[in-house]
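my_file17.csv, holding CSV, C-alpha atoms:
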```csv
chain,number,residue,atom,x,y,z
D,4,MET,CA,34.9,105.8,111.8
D,5,THR,CA,38.6,106.1,111.4
D,6,HIS,CA,40.3,103.9,108.7
D,7,PRO,CA,37.9,101.0,108.7
D,8,ASN,CA,40.2,99.2,106.3
D,9,LYS,CA,43.2,99.4,108.5
D,10,ASP,CA,42.3,95.9,109.7
D,11,LEU,CA,42.8,94.6,106.2
D,12,GLN,CA,46.2,96.0,105.7
D,13,THR,CA,49.3,94.2,106.7
D,14,SER,CA,51.4,97.1,105.5
D,15,HIS,CA,50.7,100.5,103.9
D,16,ASP,CA,52.6,99.8,100.7
D,17,PRO,CA,51.1,97.1,98.4
D,18,PHE,CA,54.5,96.7,96.8
D,19,HIS,CA,55.8,95.5,100.2
D,20,SER,CA,54.7,92.0,101.0
D,21,GLU,CA,55.1,89.5,103.7
D,22,SER,CA,56.2,86.8,101.4
D,23,SER,CA,59.8,85.7,100.9
D,24,LEU,CA,61.7,83.3,98.7
D,25,LYS,CA,62.3,81.1,101.8
D,26,SER,CA,58.6,80.9,102.4
D,27,TYR,CA,57.9,79.7,98.8
D,28,LEU,CA,60.8,77.3,98.8
D,29,ILE,CA,59.8,75.6,102.1
D,30,GLY,CA,56.2,75.4,100.9
D,31,PHE,CA,57.3,73.9,97.6
D,32,VAL,CA,59.6,71.3,99.0
D,33,LEU,CA,57.2,70.3,101.7
D,34,SER,CA,54.4,69.9,99.2
D,35,ILE,CA,56.5,67.7,97.0
D,36,LEU,CA,57.5,65.5,99.9
D,37,LEU,CA,53.9,65.2,101.1
D,38,THR,CA,52.7,64.4,97.6
D,39,LEU,CA,55.4,61.8,97.0
D,40,SER,CA,54.8,60.2,100.4
D,41,ALA,CA,51.1,59.8,99.8
D,42,TYR,CA,51.7,58.5,96.3
D,43,PHE,CA,54.2,55.9,97.4
D,44,LEU,CA,52.2,54.8,100.3
D,45,VAL,CA,49.4,53.9,97.9
D,46,GLU,CA,51.6,52.5,95.1
D,47,GLN,CA,53.6,50.2,97.4
D,48,ARG,CA,50.6,49.5,99.7
D,49,LEU,CA,52.8,50.0,102.7
D,50,LEU,CA,49.8,50.0,105.1
D,51,PRO,CA,46.5,48.1,105.4
D,52,LYS,CA,43.6,49.7,103.6
D,53,HIS,CA,41.9,51.4,106.5
D,54,GLU,CA,45.1,52.9,107.9
D,55,LEU,CA,46.2,53.8,104.4
D,56,MET,CA,43.1,55.9,103.8
D,57,ILE,CA,43.7,57.8,107.1
D,58,ALA,CA,47.3,58.4,106.2
D,59,ILE,CA,46.5,59.8,102.8
D,60,LEU,CA,43.8,62.0,104.2
D,61,LEU,CA,46.2,63.4,106.8
D,62,LEU,CA,49.0,64.0,104.3
D,63,GLY,CA,46.5,65.8,102.1
D,64,LEU,CA,45.3,68.0,105.0
D,65,ILE,CA,48.8,68.8,106.0
D,66,GLN,CA,49.7,69.7,102.5
D,67,THR,CA,46.6,72.0,102.3
D,68,TYR,CA,47.8,73.7,105.4
D,69,VAL,CA,51.3,74.0,104.1
D,70,GLN,CA,50.1,75.7,100.9
D,71,LEU,CA,47.6,77.9,102.7
D,72,HIS,CA,50.4,79.1,105.0
D,73,TYR,CA,53.5,79.3,102.7
D,74,PHE,CA,51.8,80.2,99.4
D,75,LEU,CA,48.7,82.0,100.5
D,76,HIS,CA,50.0,83.5,103.7
D,77,LEU,CA,46.7,82.8,105.5
D,78,GLY,CA,46.7,83.8,109.1
D,79,GLU,CA,49.5,86.2,108.9
D,80,GLN,CA,47.5,89.3,109.5
D,81,GLU,CA,47.7,91.3,112.7
D,82,LYS,CA,45.8,89.7,115.5
D,83,GLY,CA,43.3,92.6,115.5
D,84,MET,CA,40.6,91.3,113.2
D,85,ARG,CA,41.6,88.5,110.8
D,86,TRP,CA,38.8,88.9,108.3
D,87,LYS,CA,40.4,86.6,105.7
D,88,HIS,CA,40.9,84.0,108.3
D,89,LEU,CA,37.3,84.3,109.5
D,90,ALA,CA,35.9,84.1,106.0
D,91,PHE,CA,38.0,81.0,105.4
D,92,LEU,CA,36.7,79.3,108.6
D,93,PHE,CA,33.1,80.1,107.6
D,94,MET,CA,33.8,78.5,104.2
D,95,ILE,CA,35.1,75.4,105.9
D,96,LEU,CA,31.9,75.3,108.1
D,97,VAL,CA,29.6,75.6,105.1
D,98,SER,CA,31.6,73.0,103.2
D,99,PHE,CA,31.4,70.5,106.1
D,100,ILE,CA,27.6,71.0,106.3
D,101,ILE,CA,27.2,70.5,102.5
D,102,VAL,CA,29.4,67.6,102.0
D,103,GLY,CA,28.6,65.8,105.3
D,104,GLY,CA,24.9,66.5,105.1
D,105,THR,CA,24.7,65.4,101.5
D,106,MET,CA,26.5,62.1,102.2
D,107,TRP,CA,24.4,61.5,105.4
D,108,ILE,CA,21.1,62.1,103.6
D,109,MET,CA,21.9,60.2,100.5
D,110,TYR,CA,23.2,57.2,102.5
D,111,ASP,CA,20.1,57.2,104.6
D,112,LEU,CA,17.8,57.4,101.5
D,113,ASP,CA,19.8,54.6,99.8
D,114,SER,CA,19.4,52.4,102.8
D,115,ARG,CA,15.6,52.8,102.6
D,116,VAL,CA,15.4,51.8,99.0
D,117,MET,CA,15.2,48.2,97.7
D,118,ASN,CA,18.3,47.9,95.6
D,119,MET,CA,18.7,45.6,92.6
D,120,ASN,CA,22.4,46.1,93.0
D,121,MET,CA,24.2,46.6,89.7
D,122,ASN,CA,27.2,48.3,91.2
D,123,THR,CA,30.6,46.7,91.1
D,124,HIS,CA,31.5,48.2,94.5
D,125,HIS,CA,29.7,47.5,97.7
D,126,GLU,CA,28.0,50.7,99.0
D,127,LEU,CA,29.1,50.1,102.5
D,128,LYS,CA,32.8,49.8,101.9
D,129,GLU,CA,34.8,49.9,105.1
D,130,GLY,CA,36.2,53.3,105.8
D,131,SER,CA,33.5,55.2,103.9
D,132,VAL,CA,30.7,57.1,105.4
Z,2,MET,CA,45.6,121.7,100.5
Z,3,SER,CA,49.2,121.4,99.4
Z,4,LEU,CA,50.2,119.3,96.4
Z,5,SER,CA,52.0,116.7,98.5
Z,6,SER,CA,49.0,116.0,100.7
Z,7,ASN,CA,46.9,115.6,97.6
Z,8,HIS,CA,49.4,113.0,96.4
Z,9,ASP,CA,49.4,111.3,99.8
Z,10,HIS,CA,45.6,111.2,99.8
Z,11,ALA,CA,45.4,109.6,96.3
Z,12,TYR,CA,48.1,107.1,97.3
Z,13,HIS,CA,46.3,106.2,100.5
Z,14,GLU,CA,43.1,105.7,98.5
Z,15,ASP,CA,44.9,103.4,96.0
Z,16,CYS,CA,46.2,101.4,98.9
Z,17,GLU,CA,42.7,101.1,100.3
Z,18,ILE,CA,41.4,100.0,96.9
Z,19,TYR,CA,44.2,97.4,96.7
Z,20,ASP,CA,43.3,96.0,100.1
Z,21,ARG,CA,39.6,96.0,99.5
Z,22,THR,CA,39.9,94.4,96.1
Z,23,LEU,CA,42.2,91.6,97.4
Z,24,PHE,CA,39.8,90.9,100.3
Z,25,GLY,CA,36.8,90.9,97.9
Z,26,PHE,CA,38.7,88.5,95.6
Z,27,TRP,CA,39.4,86.3,98.6
Z,28,LEU,CA,35.7,86.1,99.3
Z,29,TYR,CA,35.1,85.1,95.7
Z,30,ILE,CA,37.7,82.3,96.2
Z,31,MET,CA,35.8,81.2,99.3
Z,32,THR,CA,32.6,80.9,97.3
Z,33,ASP,CA,34.4,79.0,94.5
Z,34,SER,CA,35.7,76.6,97.2
Z,35,ILE,CA,32.0,75.9,98.2
Z,36,LEU,CA,31.2,75.3,94.6
Z,37,PHE,CA,33.9,72.6,94.5
Z,38,ALA,CA,32.7,71.3,97.8
Z,39,THR,CA,29.3,70.6,96.2
Z,40,LEU,CA,31.0,68.8,93.3
Z,41,PHE,CA,33.0,66.7,95.8
Z,42,ALA,CA,29.8,65.9,97.6
Z,43,CYS,CA,28.2,64.6,94.4
Z,44,TYR,CA,31.3,62.6,93.6
Z,45,ALA,CA,31.2,61.0,97.1
Z,46,VAL,CA,27.6,60.0,96.7
Z,47,LEU,CA,28.0,58.6,93.2
Z,48,VAL,CA,31.5,57.1,93.1
Z,49,TYR,CA,30.3,53.6,93.6
Z,50,ASN,CA,27.5,53.9,91.0
Z,51,THR,CA,29.4,52.5,88.1
Z,52,PHE,CA,26.3,50.8,86.5
Z,53,GLY,CA,28.3,47.6,86.3
Z,54,GLY,CA,31.1,49.3,84.4
Z,55,PRO,CA,34.6,50.1,85.5
Z,56,GLY,CA,35.3,52.2,88.6
Z,57,PRO,CA,38.2,54.4,89.8
Z,58,ALA,CA,40.6,51.5,90.4
Z,59,GLU,CA,40.2,50.3,86.8
Z,60,LEU,CA,40.3,53.6,85.1
Z,61,PHE,CA,42.9,55.8,86.8
Z,62,HIS,CA,46.6,55.7,86.0
Z,63,LEU,CA,48.4,56.9,89.1
Z,64,PRO,CA,51.9,57.6,87.7
Z,65,PHE,CA,50.3,59.8,85.1
Z,66,VAL,CA,48.3,61.7,87.7
Z,67,LEU,CA,51.4,62.1,89.8
Z,68,GLY,CA,53.0,63.8,86.9
Z,69,GLU,CA,50.0,66.2,86.6
Z,70,THR,CA,50.2,66.9,90.3
Z,71,LEU,CA,53.9,67.8,90.2
Z,72,LEU,CA,53.4,70.0,87.2
Z,73,LEU,CA,50.6,72.0,88.8
Z,74,LEU,CA,52.5,72.3,92.1
Z,75,THR,CA,55.5,73.6,90.2
Z,76,SER,CA,53.4,76.2,88.4
Z,77,SER,CA,52.1,77.3,91.8
Z,78,PHE,CA,55.7,77.7,92.9
Z,79,THR,CA,56.7,79.7,89.8
Z,80,CYS,CA,53.6,81.9,90.4
Z,81,GLY,CA,54.9,82.7,93.8
Z,82,LEU,CA,58.3,83.5,92.4
Z,83,ALA,CA,56.6,85.8,89.9
Z,84,MET,CA,54.8,87.7,92.7
Z,85,LEU,CA,58.1,88.0,94.6
Z,86,SER,CA,59.6,89.7,91.5
Z,87,ALA,CA,56.5,91.9,91.1
Z,88,HIS,CA,56.8,93.1,94.7
Z,89,LYS,CA,60.4,93.9,94.0
Z,90,ARG,CA,59.2,95.9,91.0
Z,91,ASN,CA,61.2,93.7,88.6
Z,92,LYS,CA,59.1,93.8,85.5
Z,93,GLU,CA,61.3,91.4,83.4
Z,94,ARG,CA,61.4,88.7,86.0
Z,95,THR,CA,57.7,89.0,86.7
Z,96,PHE,CA,57.1,88.4,83.0
Z,97,LEU,CA,59.5,85.5,82.9
Z,98,PHE,CA,58.0,83.6,85.8
Z,99,PHE,CA,54.4,84.2,84.7
Z,100,ILE,CA,55.3,82.8,81.3
Z,101,LEU,CA,56.8,79.8,83.0
Z,102,THR,CA,53.7,79.4,85.1
Z,103,PHE,CA,51.6,79.6,81.9
Z,104,ILE,CA,53.7,77.0,80.1
Z,105,ILE,CA,53.6,74.6,83.0
Z,106,GLY,CA,49.9,75.1,83.4
Z,107,ILE,CA,49.3,74.4,79.8
Z,108,SER,CA,51.3,71.2,80.1
Z,109,PHE,CA,49.1,70.2,83.0
Z,110,LEU,CA,46.0,70.9,80.8
Z,111,ALA,CA,47.5,68.9,77.9
Z,112,MET,CA,48.0,65.9,80.2
Z,113,GLU,CA,44.5,66.2,81.5
Z,114,ILE,CA,43.0,66.5,78.0
Z,115,TYR,CA,44.9,63.4,77.0
Z,116,GLU,CA,43.6,61.5,80.1
Z,117,PHE,CA,40.0,62.5,79.4
Z,118,SER,CA,40.1,61.8,75.7
Z,119,SER,CA,41.7,58.4,76.1
Z,120,MET,CA,39.0,57.5,78.6
Z,121,ILE,CA,36.3,58.7,76.2
Z,122,ASP,CA,37.8,56.9,73.3
Z,123,ALA,CA,37.8,53.7,75.3
Z,124,GLY,CA,34.1,54.2,75.8
Z,125,HIS,CA,34.1,55.6,79.3
Z,126,SER,CA,32.4,58.9,78.7
Z,127,TRP,CA,30.4,60.9,81.2
Z,128,GLN,CA,27.2,59.4,79.8
Z,129,LYS,CA,28.1,55.8,80.8
Z,130,SER,CA,27.5,55.9,84.5
Z,131,ALA,CA,26.8,58.2,87.4
Z,132,PHE,CA,30.4,57.7,88.7
Z,133,LEU,CA,31.8,58.9,85.3
Z,134,SER,CA,29.4,61.9,85.2
Z,135,ALA,CA,30.5,63.0,88.7
Z,136,TYR,CA,34.1,62.4,87.9
Z,137,PHE,CA,34.1,64.4,84.6
Z,138,THR,CA,32.1,67.2,86.2
Z,139,LEU,CA,34.4,67.5,89.2
Z,140,VAL,CA,37.8,67.2,87.5
Z,141,GLY,CA,36.5,68.9,84.3
Z,142,THR,CA,35.4,72.0,86.3
Z,143,HIS,CA,38.8,72.2,87.9
Z,144,GLY,CA,40.4,71.9,84.4
Z,145,LEU,CA,38.1,74.7,83.1
Z,146,HIS,CA,39.2,76.9,86.0
Z,147,VAL,CA,42.9,76.2,85.1
Z,148,THR,CA,42.1,77.1,81.5
Z,149,PHE,CA,40.5,80.4,82.4
Z,150,GLY,CA,43.5,81.1,84.7
Z,151,ALA,CA,45.9,80.5,81.8
Z,152,ILE,CA,43.9,82.9,79.6
Z,153,TRP,CA,44.1,85.4,82.4
Z,154,ILE,CA,47.9,85.1,82.6
Z,155,LEU,CA,48.1,86.0,79.0
Z,156,VAL,CA,45.9,89.0,79.4
Z,157,MET,CA,48.0,90.1,82.4
Z,158,LEU,CA,51.2,89.6,80.5
Z,159,TYR,CA,49.8,92.0,77.9
Z,160,HIS,CA,48.9,94.5,80.6
Z,161,LEU,CA,52.4,94.1,82.0
Z,162,SER,CA,54.1,94.8,78.7
Z,163,THR,CA,51.9,97.7,77.7
Z,164,ARG,CA,51.2,99.5,81.0
Z,165,GLY,CA,54.1,98.4,83.1
Z,166,LEU,CA,54.2,97.4,86.7
Z,167,THR,CA,51.7,99.9,88.1
Z,168,LEU,CA,49.7,99.5,91.3
Z,169,ALA,CA,46.7,98.4,89.3
Z,170,THR,CA,48.7,95.8,87.5
Z,171,LEU,CA,50.1,94.5,90.8
Z,172,ARG,CA,46.6,94.4,92.2
Z,173,ARG,CA,45.4,92.3,89.3
Z,174,PHE,CA,48.5,90.0,89.5
Z,175,SER,CA,47.9,89.5,93.2
Z,176,CYS,CA,44.3,88.4,92.5
Z,177,LEU,CA,45.6,86.1,89.7
Z,178,SER,CA,48.2,84.5,92.1
Z,179,LEU,CA,45.5,84.0,94.7
Z,180,TYR,CA,43.4,82.2,92.1
Z,181,TRP,CA,46.3,80.1,90.8
Z,182,HIS,CA,47.4,78.9,94.3
Z,183,PHE,CA,43.8,78.1,95.2
Z,184,LEU,CA,43.5,75.9,92.1
Z,185,ASP,CA,46.5,73.9,93.3
Z,186,ILE,CA,44.9,73.5,96.7
Z,187,ILE,CA,41.7,72.2,95.1
Z,188,TRP,CA,43.9,69.8,93.1
Z,189,ILE,CA,45.3,68.4,96.4
Z,190,PHE,CA,41.8,67.3,97.3
Z,191,ILE,CA,41.2,65.8,93.8
Z,192,PHE,CA,44.5,64.0,93.9
Z,193,THR,CA,43.7,62.7,97.4
Z,194,PHE,CA,40.0,61.9,97.3
Z,195,VAL,CA,39.5,60.9,93.6
Z,196,TYR,CA,42.7,59.4,92.5
Z,197,LEU,CA,44.6,58.0,95.6
Z,198,ILE,CA,41.5,56.8,97.5
Z,199,GLY,CA,40.0,55.6,94.2
Z,200,ALA,CA,43.0,53.3,93.7
Z,201,LEU,CA,42.5,51.5,97.0
```
Can the structure in the file be given as structure tokens, please?
Amino acid sequence: MTHPNKDLQTSHDPFHSESSLKSYLIGFVLSILLTLSAYFLVEQRLLPKHELMIAILLLGLIQTYVQLHYFLHLGEQEKGMRWKHLAFLFMILVSFIIVGGTMWIMYDLDSRVMNMNMNTHHELKEGSV
Amino acid sequence: MSLSSNHDHAYHEDCEIYDRTLFGFWLYIMTDSILFATLFACYAVLVYNTFGGPGPAELFHLPFVLGETLLLLTSSFTCGLAMLSAHKRNKERTFLFFILTFIIGISFLAMEIYEFSSMIDAGHSWQKSAFLSAYFTLVGTHGLHVTFGAIWILVMLYHLSTRGLTLATLRRFSCLSLYWHFLDIIWIFIFTFVYLIGAL
């Protein structure tokens, strides 16, 4: 087996990196804009509730991608075998199963129980699972 | 074997160690993300179980949280600048930017501690409802991660000043910066799902 770790290397010198000031600046400015947008959308209630929720979710996901790309440089390895990328996708899969599965199961159980409802919020709020 | 090829061999090994360590640390970050996913799952299930008490809309102060968010984001940026300096082998700048990262991170923690303690003083502790338990566990775990990261920065600054910017020091700094950026990404989810959606 020749150089099994070559797939992991983006360069041969660890002191040489793929990041640049431009990358961090773009990531920083974009993240601030996305954060402020989401914040003001909520504070000023510029959209009806359902659309507002979707908008905030989208802004959050976009910012996640921005930071993953510009700060963490995910996905910039050679096309050969992107192990970091693969590990990341697997984590996303596991997370979806855990979060989605938990919410589904608990909601299902809750709907089968006779509730003396002491909660201030309705369980079946619109927009929630 | 000539001396130069010995040196090349050792250097090549060091590069492999660097790459393997960074990848291994990335795998750890992935498992830590799953840990946070489970805490988010709990929060999602319990957020409406306020036991008749106040919920997110009543308890959270959005302007304050925006301040926390911008602080943590800036610290992620200064961490990136620190790593740029490290890759350019500029020891002084690396030191400066990591100190800045530390100070901003500590400020974030101070704000969060203030937020938590004023909630508890007002009687809204994690013992009062399932919602509060889930909230303090999720956001508290994140804060604990930030705390450990801050301690790690101090340890690394000690390494930097006593051992200099060696390959091993760079390797550890690289892991630290992965960790620090990851914490800011987790915070995006907390900001979005806990605070922003909670205010609706």
Based on only C-alpha atoms, which of the residues in chain D come within 8 Å of chain Z? I want them as a ChimeraX atom specification.
/D:8,11-12,15-20,22-24,27-28,31,34-35,41-42,45,52,56,59-60,63,66-67,70-71,74-75,87,90-91,94,97-98,101-103,105-106,109-110,121-126
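CA of Leu184 in chain Z is positioned 11.1 Å from CA of Phe149 in chain Z.
Taking CA of Phe174 in chain Z and CA of Leu139 in chain Z as endpoints, the distance between them is 26.6 Å.
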Margin query: List as an NGL selection string the protein and nucleic acid residues near range 100-105 of chain Z, meaning an atom at most 6 Å away when all atoms listed in the file are counted, but skip any in the same chain fewer than 2 places from it.
Written below: :Z and (76 or 79-80 or 97-98 or 107-108 or 151)
Using all atoms listed in the file, the residue out of Z:Phe26, Z:Ser130, Z:Glu14, Z:Leu60 with shortest distance to Arg173 in chain Z is Z:Phe26
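Between CA of Pro51 in chain D and CA of Ala58 in chain Z the interatomic distance comes to 16.5 Å.
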Reconstruct range 35-62 of chain D at the level of N, CA and C atoms, and format the result as a compact mmCIF listing (two decimals), keeping the file's coordinate frame.
```txt
# COMPACT_ATOMS: atom_id res chain seq x y z
N ILE D 35 56.01 68.84 97.78
CA ILE D 35 56.50 67.70 97.00
C ILE D 35 56.67 66.48 97.84
N LEU D 36 57.29 66.65 99.00
CA LEU D 36 57.50 65.50 99.90
C LEU D 36 56.18 64.88 100.31
N LEU D 37 55.20 65.73 100.66
CA LEU D 37 53.90 65.20 101.10
C LEU D 37 53.21 64.48 99.94
N THR D 38 53.30 65.04 98.74
CA THR D 38 52.70 64.40 97.60
C THR D 38 53.32 63.05 97.30
N LEU D 39 54.65 63.03 97.26
CA LEU D 39 55.40 61.80 97.00
C LEU D 39 55.09 60.73 98.05
N SER D 40 55.05 61.17 99.31
CA SER D 40 54.80 60.20 100.40
C SER D 40 53.42 59.56 100.20
N ALA D 41 52.40 60.36 99.96
CA ALA D 41 51.10 59.80 99.80
C ALA D 41 51.03 58.88 98.57
N TYR D 42 51.70 59.29 97.50
CA TYR D 42 51.70 58.50 96.30
C TYR D 42 52.36 57.13 96.52
N PHE D 43 53.52 57.14 97.16
CA PHE D 43 54.20 55.90 97.40
C PHE D 43 53.55 54.98 98.37
N LEU D 44 52.92 55.59 99.36
CA LEU D 44 52.20 54.80 100.30
C LEU D 44 51.10 53.98 99.59
N VAL D 45 50.44 54.60 98.62
CA VAL D 45 49.40 53.90 97.90
C VAL D 45 49.99 52.92 96.90
N GLU D 46 51.00 53.35 96.18
CA GLU D 46 51.60 52.50 95.10
C GLU D 46 52.20 51.25 95.69
N GLN D 47 52.88 51.39 96.82
CA GLN D 47 53.60 50.20 97.40
C GLN D 47 52.69 49.54 98.44
N ARG D 48 51.51 50.09 98.70
CA ARG D 48 50.60 49.50 99.70
C ARG D 48 51.34 49.21 101.00
N LEU D 49 51.94 50.23 101.54
CA LEU D 49 52.80 50.00 102.70
C LEU D 49 51.94 49.88 104.00
N LEU D 50 50.63 50.13 103.90
CA LEU D 50 49.80 50.00 105.10
C LEU D 50 48.52 49.25 104.69
N PRO D 51 47.85 48.66 105.69
CA PRO D 51 46.50 48.10 105.40
C PRO D 51 45.54 49.16 104.99
N LYS D 52 44.49 48.74 104.31
CA LYS D 52 43.60 49.70 103.60
C LYS D 52 43.06 50.79 104.48
N HIS D 53 42.56 50.43 105.66
CA HIS D 53 41.90 51.40 106.50
C HIS D 53 42.94 52.48 106.97
N GLU D 54 44.10 51.99 107.42
CA GLU D 54 45.10 52.90 107.90
C GLU D 54 45.68 53.74 106.73
N LEU D 55 45.72 53.12 105.55
CA LEU D 55 46.20 53.80 104.40
C LEU D 55 45.34 55.02 104.04
N MET D 56 44.03 54.80 104.13
CA MET D 56 43.10 55.90 103.80
C MET D 56 43.32 57.06 104.80
N ILE D 57 43.46 56.73 106.08
CA ILE D 57 43.70 57.80 107.10
C ILE D 57 44.98 58.52 106.80
N ALA D 58 46.02 57.75 106.47
CA ALA D 58 47.30 58.40 106.20
C ALA D 58 47.27 59.32 105.04
N ILE D 59 46.61 58.89 103.94
CA ILE D 59 46.50 59.80 102.80
C ILE D 59 45.74 61.02 103.09
N LEU D 60 44.64 60.85 103.84
CA LEU D 60 43.80 62.00 104.20
C LEU D 60 44.66 63.01 105.03
N LEU D 61 45.42 62.47 106.00
CA LEU D 61 46.20 63.40 106.80
C LEU D 61 47.28 64.08 106.00
N LEU D 62 47.94 63.33 105.11
CA LEU D 62 49.00 64.00 104.30
C LEU D 62 48.35 65.06 103.41
```
